[in-house]
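Asks: First, the structure itself, so that you have it in front of you.
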Amino acid sequence: MAANYPTMKRSPLSELGRRTEPPPISWLIQLALSRPRLISLAAGFTDNESLPVEDVRGLLNGILRSRRTGQPALQYGSTQGDPVLRRLTARHIRRLDAGPASSRVYSADRLIITNGSQQLLYMVAEALCDTGDIVLVEDPTYFVYLGILQSRGLRARTVRLEKDGLDLARLEHLLVRLKRTGELRRVKLLYLVSYFQNPTAVTTRFEKKSGALEVLGKFERAAGHPIYLLEDAGYRELRFKGEDVKSSLAVKGRAERVIYTGTYSKPFATGTRVAFGLLPEPVFTAVLRIKGNHDFGTSNLLQQLLAQALATGRYDRHLVELRERYARKARIMSKALREQFPAEVEWLEPRGGMYFWARLPRRLESGPKSKLFREALANNVLYVPGELCYADDSTRVKPNREMRISFGNAVEKDIRTGVARLGAALHKLLDL
Ligand SMILES: Cc1ncc(COP(=O)(O)O)c(C=O)c1O
């Protein structure tokens, strides 16, 4: 029987516990689950049918085939991560960046394996930022990252995003303004989702990464401390058109200001949530200690699985197949959008990743309380309202006429049907 406790005046929760708002991702998932007939073009889930079940079974069988190989995998590992996986991952990123084999920047010693890159994003905020500090973000940005900032009491200041990455002139203006108001010492980092950005599909040009590092560098003296570039390369390998762009680690002489995060969730077995980061000192040591307190190490079994996937070439083979699959789904969505959406809606054709970002004509809004969102739900289709991807920033009005539409998880038939349902909702409201 429940005890009859008296009502208390004060909340038992910490400041963070009280401040943390419900993450939008939770209600989006809840909405999708509560309506079985709904087609969700909102989920950031990956393609189900291509998840590598047979590869993973084969690799796990290999790891567990004997006690000698199986026992270490079923034991705790180190906080920093499995040495083989770290070496293979560091080499993989160095090769993508065409870095010299002798480069310290891509050393496995600077690499930490994490439970999803989400954990690294969180730990970097913990390691660098105090309540009230400022994080510079692209406008729009990855909405789950905004949740970290909100929860930790950090302030986001936004920088306009162009078709090829951040507007560097705006970045500089913003820093000048923050210097003038005496807030520069609160600026700790700039967060970029640099490849096939979630939500816009924009990829940042290499020159813009080096430009951003240069701009940040100019303000460090006045800030009194380093200002880091946190490059989230989560979608880097989901490229189906064009060439890879080098990461900011490859900008000459600037790697000490770059925190690079990547993940195996998107390009391989999503549910394993094995990810990694390359970090400079003193961030590296601080994050490693923080991870020691979080979980003192990512699942050893899953790390060994990833190490085997890389070592045996199964990872690379899977990626070829996956890229073809996403390319095909993107083509299907693009065709459906051209056929079903009103001519006034604009979008960028993605060259990788999982998202279309559609901008509606001025007279239509897309927010969670908008007529469009309600009409879409009535038609049994869900999108991510663009508004969620814009940080609270009192220096500009939050845009509210975009939608993030994903081709990641929906099957081909549902992509066509979902876009048709959204198109019908758009036509109806535009014709009113
Ligand atoms: C831009 C971005 N960064 C990070 C993550 C987190 O990925 P994970 O924690 O699975 O590595 C996601 C997931 O959707 C993402 O879209």
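By order of appearance in the structure tokens: chains A, B, ..., then residues from 1 within every chain, and ligands from 1 in the order shown.
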Please give me, as a PyMOL selection string, the residues lying within 9 Å of ligand 1 when counting only C-alpha atoms and all ligand atoms.
Replies: chain A and resi 43-46+114-121+141-145+192-199+232-235+261-266+270-276
Asks: Can you list, as a PyMOL selection string, every residue of stretch 342-407 of chain A that DSSP puts in strand (DSSP E)?
Replies: chain A and resi 346-347+355-359+381-382+384-385+402-406
Asks: Could you please take those selected residues and save all heavy atoms as a compact mmCIF listing (two decimals), in the first residue's frame?
Replies:
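Final file, again-v1.txt:
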```
# COMPACT_ATOMS: atom_id res chain seq x y z
N GLU A 346 9.71 24.73 -51.58
CA GLU A 346 11.10 24.59 -52.05
C GLU A 346 11.86 23.60 -51.18
O GLU A 346 11.60 23.51 -49.98
CB GLU A 346 11.81 25.94 -51.93
CG GLU A 346 11.24 27.02 -52.80
CD GLU A 346 11.79 28.38 -52.39
OE1 GLU A 346 12.54 28.48 -51.40
OE2 GLU A 346 11.44 29.34 -53.09
N TRP A 347 12.82 22.93 -51.78
CA TRP A 347 13.70 22.06 -50.99
C TRP A 347 15.02 21.88 -51.71
O TRP A 347 15.15 22.19 -52.90
CB TRP A 347 13.04 20.69 -50.73
CG TRP A 347 12.76 19.91 -51.99
CD1 TRP A 347 13.60 19.08 -52.66
CD2 TRP A 347 11.53 19.92 -52.74
NE1 TRP A 347 12.98 18.54 -53.75
CE2 TRP A 347 11.70 19.05 -53.83
CE3 TRP A 347 10.30 20.56 -52.57
CZ2 TRP A 347 10.70 18.81 -54.78
CZ3 TRP A 347 9.30 20.33 -53.51
CH2 TRP A 347 9.50 19.46 -54.59
N TYR A 355 17.50 13.16 -45.05
CA TYR A 355 16.45 14.17 -44.89
C TYR A 355 16.24 15.09 -46.09
O TYR A 355 17.19 15.47 -46.76
CB TYR A 355 16.78 15.07 -43.68
CG TYR A 355 17.09 14.29 -42.44
CD1 TYR A 355 18.39 14.22 -41.95
CD2 TYR A 355 16.08 13.58 -41.77
CE1 TYR A 355 18.67 13.48 -40.80
CE2 TYR A 355 16.36 12.84 -40.63
CZ TYR A 355 17.66 12.79 -40.15
OH TYR A 355 17.93 12.06 -39.03
N PHE A 356 14.97 15.45 -46.26
CA PHE A 356 14.60 16.59 -47.10
C PHE A 356 14.12 17.68 -46.16
O PHE A 356 13.48 17.39 -45.13
CB PHE A 356 13.45 16.23 -48.05
CG PHE A 356 13.89 15.52 -49.29
CD1 PHE A 356 14.17 14.15 -49.27
CD2 PHE A 356 14.03 16.20 -50.50
CE1 PHE A 356 14.58 13.50 -50.42
CE2 PHE A 356 14.43 15.54 -51.65
CZ PHE A 356 14.70 14.20 -51.62
N TRP A 357 14.42 18.91 -46.51
CA TRP A 357 14.01 20.07 -45.70
C TRP A 357 13.18 20.95 -46.62
O TRP A 357 13.72 21.54 -47.56
CB TRP A 357 15.27 20.78 -45.22
CG TRP A 357 15.12 22.01 -44.40
CD1 TRP A 357 15.44 23.28 -44.78
CD2 TRP A 357 14.71 22.11 -43.03
NE1 TRP A 357 15.24 24.15 -43.75
CE2 TRP A 357 14.79 23.46 -42.65
CE3 TRP A 357 14.27 21.17 -42.08
CZ2 TRP A 357 14.45 23.91 -41.37
CZ3 TRP A 357 13.94 21.62 -40.82
CH2 TRP A 357 14.03 22.96 -40.47
N ALA A 358 11.88 20.97 -46.39
CA ALA A 358 10.99 21.67 -47.33
C ALA A 358 10.54 22.99 -46.73
O ALA A 358 10.13 23.05 -45.56
CB ALA A 358 9.78 20.79 -47.63
N ARG A 359 10.65 24.04 -47.54
CA ARG A 359 10.23 25.38 -47.08
C ARG A 359 8.89 25.73 -47.73
O ARG A 359 8.74 25.65 -48.95
CB ARG A 359 11.30 26.41 -47.45
CG ARG A 359 10.94 27.81 -46.99
CD ARG A 359 12.14 28.74 -47.03
NE ARG A 359 13.17 28.29 -46.11
CZ ARG A 359 14.46 28.20 -46.40
NH1 ARG A 359 14.88 28.52 -47.61
NH2 ARG A 359 15.34 27.77 -45.52
N VAL A 381 -0.08 11.16 -41.35
CA VAL A 381 1.33 11.30 -41.72
C VAL A 381 1.98 12.30 -40.77
O VAL A 381 1.34 13.27 -40.33
CB VAL A 381 1.49 11.71 -43.21
CG1 VAL A 381 0.83 13.04 -43.53
CG2 VAL A 381 2.96 11.73 -43.62
N LEU A 382 3.25 12.02 -40.43
CA LEU A 382 3.95 12.85 -39.44
C LEU A 382 5.25 13.37 -40.04
O LEU A 382 5.99 12.63 -40.70
CB LEU A 382 4.26 11.98 -38.21
CG LEU A 382 4.82 12.65 -36.97
CD1 LEU A 382 3.81 13.62 -36.36
CD2 LEU A 382 5.19 11.59 -35.92
N VAL A 384 8.66 16.36 -38.99
CA VAL A 384 9.21 17.14 -37.89
C VAL A 384 9.01 18.62 -38.19
O VAL A 384 9.53 19.12 -39.20
CB VAL A 384 10.72 16.87 -37.67
CG1 VAL A 384 11.32 17.85 -36.65
CG2 VAL A 384 10.96 15.44 -37.22
N PRO A 385 8.24 19.34 -37.37
CA PRO A 385 8.07 20.77 -37.60
C PRO A 385 9.43 21.48 -37.53
O PRO A 385 10.18 21.29 -36.57
CB PRO A 385 7.17 21.21 -36.44
CG PRO A 385 6.54 19.96 -35.93
CD PRO A 385 7.50 18.86 -36.19
N GLU A 402 8.98 25.45 -42.10
CA GLU A 402 9.73 24.37 -42.73
C GLU A 402 9.33 23.02 -42.14
O GLU A 402 8.79 22.95 -41.03
CB GLU A 402 11.23 24.58 -42.54
CG GLU A 402 11.80 25.59 -43.49
CD GLU A 402 12.59 26.67 -42.79
OE1 GLU A 402 12.36 26.88 -41.59
OE2 GLU A 402 13.41 27.31 -43.46
N MET A 403 9.61 21.97 -42.90
CA MET A 403 9.36 20.63 -42.38
C MET A 403 10.57 19.75 -42.69
O MET A 403 11.12 19.84 -43.79
CB MET A 403 8.20 19.92 -43.09
CG MET A 403 7.06 20.74 -43.52
SD MET A 403 5.78 19.60 -44.11
CE MET A 403 5.80 19.94 -45.81
N ARG A 404 10.95 18.93 -41.72
CA ARG A 404 11.96 17.92 -42.01
C ARG A 404 11.23 16.63 -42.34
O ARG A 404 10.41 16.16 -41.55
CB ARG A 404 12.88 17.70 -40.81
CG ARG A 404 14.08 16.85 -41.16
CD ARG A 404 14.81 16.34 -39.94
NE ARG A 404 14.15 15.20 -39.34
CZ ARG A 404 14.64 14.51 -38.32
NH1 ARG A 404 15.78 14.85 -37.76
NH2 ARG A 404 13.98 13.47 -37.82
N ILE A 405 11.55 16.09 -43.53
CA ILE A 405 10.87 14.87 -43.97
C ILE A 405 11.96 13.84 -44.23
O ILE A 405 12.88 14.09 -45.00
CB ILE A 405 10.07 15.12 -45.27
CG1 ILE A 405 9.37 16.48 -45.23
CG2 ILE A 405 9.05 14.03 -45.51
CD1 ILE A 405 8.81 16.88 -46.58
N SER A 406 11.84 12.70 -43.57
CA SER A 406 12.92 11.71 -43.65
C SER A 406 12.55 10.52 -44.55
O SER A 406 11.43 10.03 -44.50
CB SER A 406 13.22 11.18 -42.25
OG SER A 406 14.15 10.13 -42.33
```
Asks: Counting only C-alpha atoms, what is within 7 Å of stretch 23-37 of chain A, bar same-chain residues fewer than 3 positions away, as a PyMOL selection string?
Replies: chain A and resi 40+147+380
Asks: Write out the residues from the selection above, keeping N, CA, C and O atoms, as an mmCIF file, in the first residue's frame.
Replies:
```cif
data_model
loop_
_atom_site.group_PDB
_atom_site.id
_atom_site.type_symbol
_atom_site.label_atom_id
_atom_site.label_comp_id
_atom_site.auth_asym_id
_atom_site.auth_seq_id
_atom_site.Cartn_x
_atom_site.Cartn_y
_atom_site.Cartn_z
ATOM 1 N N SER A 40 5.219 7.619 -40.462
ATOM 2 C CA SER A 40 6.101 8.630 -39.880
ATOM 3 C C SER A 40 7.242 8.946 -40.836
ATOM 4 O O SER A 40 8.094 8.106 -41.101
ATOM 5 N N GLY A 147 18.246 20.244 -26.975
ATOM 6 C CA GLY A 147 17.756 19.717 -25.696
ATOM 7 C C GLY A 147 18.876 19.665 -24.660
ATOM 8 O O GLY A 147 18.660 19.980 -23.483
ATOM 9 N N ASN A 380 -2.956 10.989 -41.338
ATOM 10 C CA ASN A 380 -2.087 9.897 -40.883
ATOM 11 C C ASN A 380 -0.669 9.970 -41.429
ATOM 12 O O ASN A 380 -0.110 8.974 -41.904
#
```
Asks: Find the residues near stretch 304-307 of chain A: any atom within 7 Å, counting only C-alpha atoms, skip ones fewer than 5 places away on the same chain, and give them as a ChimeraX atom specification.
Replies: /A:59-60,73,84-85
Asks: Generate the output file for the selected residues, C-alpha atoms, as a short mmCIF file (atom, residue, chain, number, x, y, z; two decimals), in the first residue's frame.
Replies:
```cif
data_model
loop_
_atom_site.label_atom_id
_atom_site.label_comp_id
_atom_site.auth_asym_id
_atom_site.auth_seq_id
_atom_site.Cartn_x
_atom_site.Cartn_y
_atom_site.Cartn_z
CA LEU A 59 30.71 -11.70 -36.46
CA LEU A 60 29.22 -12.45 -33.03
CA ALA A 73 34.25 -9.59 -25.00
CA VAL A 84 41.71 -2.43 -31.71
CA LEU A 85 38.52 -0.52 -32.46
#
```
Asks: If I take atom CA of A:Pro83 and atom CA of A:Ala108, how far is one from the other in Å, to one decimal?
Replies: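 Those two atoms sit 7.7 Å apart.
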Asks: I'd like the contact shell of A:Gly367 - 12 Å cut-off, only C-alpha atoms, skipping same-chain residues fewer than 4 positions apart - returned as a PyMOL selection string.
Replies: chain A and resi 360+371-376+382-390+398-404
Asks: Among stretch 96-303 of chain A, which residues carry a DSSP assignment of alpha helix (DSSP H), reported as a PyMOL selection string?
Replies: chain A and resi 96+116-128+143-151+168-180+206-218+220-223+283-294+300-303
Asks: For a test of reading the model, state the distance in Å between atom CA of A:Leu111 and atom CA of A:Gly277, rounded to one decimal.
Replies: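 Atom-to-atom, atom CA of A:Leu111 and atom CA of A:Gly277 are spaced 5.6 Å apart.
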Asks: For A:Lys413, which residue out of A:Leu278, A:Met333, A:Leu213, A:Ala98 is the nearest one, using only C-alpha atoms?
Replies: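 Checking each of A:Leu278, A:Met333, A:Leu213, A:Ala98 against A:Lys413, counting only C-alpha atoms, the winner is A:Met333.
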Asks: Mind checking which residues fall within 12 Å of A:Arg239, counting only C-alpha atoms, ignoring those fewer than 3 positions away in the same chain, and posting them as a PyMOL selection string?
Replies: chain A and resi 195-197+201-203+233-236+242-245+266-267+319-327+330+350-354
Asks: Any idea what's packed within 9 Å of A:Ala222, counting only C-alpha atoms, ignoring anything in its chain fewer than 6 positions away? Could you give it as a list in words?
Replies: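 The filter keeps Lys179, Leu184 and Arg185 of chain A.
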Asks: At what distance in Å, to one decimal, does atom CA of A:Lys335 lie from atom CA of A:Ile415?
Replies: 10.3 Å
Asks: Using only C-alpha atoms for the distances, tell me which of A:Gln340, A:Ser248, A:Thr79, A:Ser50 is nearest to A:His318.
Replies: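 Closest residue, counting only C-alpha atoms: A:Ser50.
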Asks: Counting only C-alpha atoms, which residue out of A:Met8, A:Ile148, A:Ala311, A:Val105 sits closest to A:Glu256?
Replies: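 Result for the nearest residue to A:Glu256: A:Val105.
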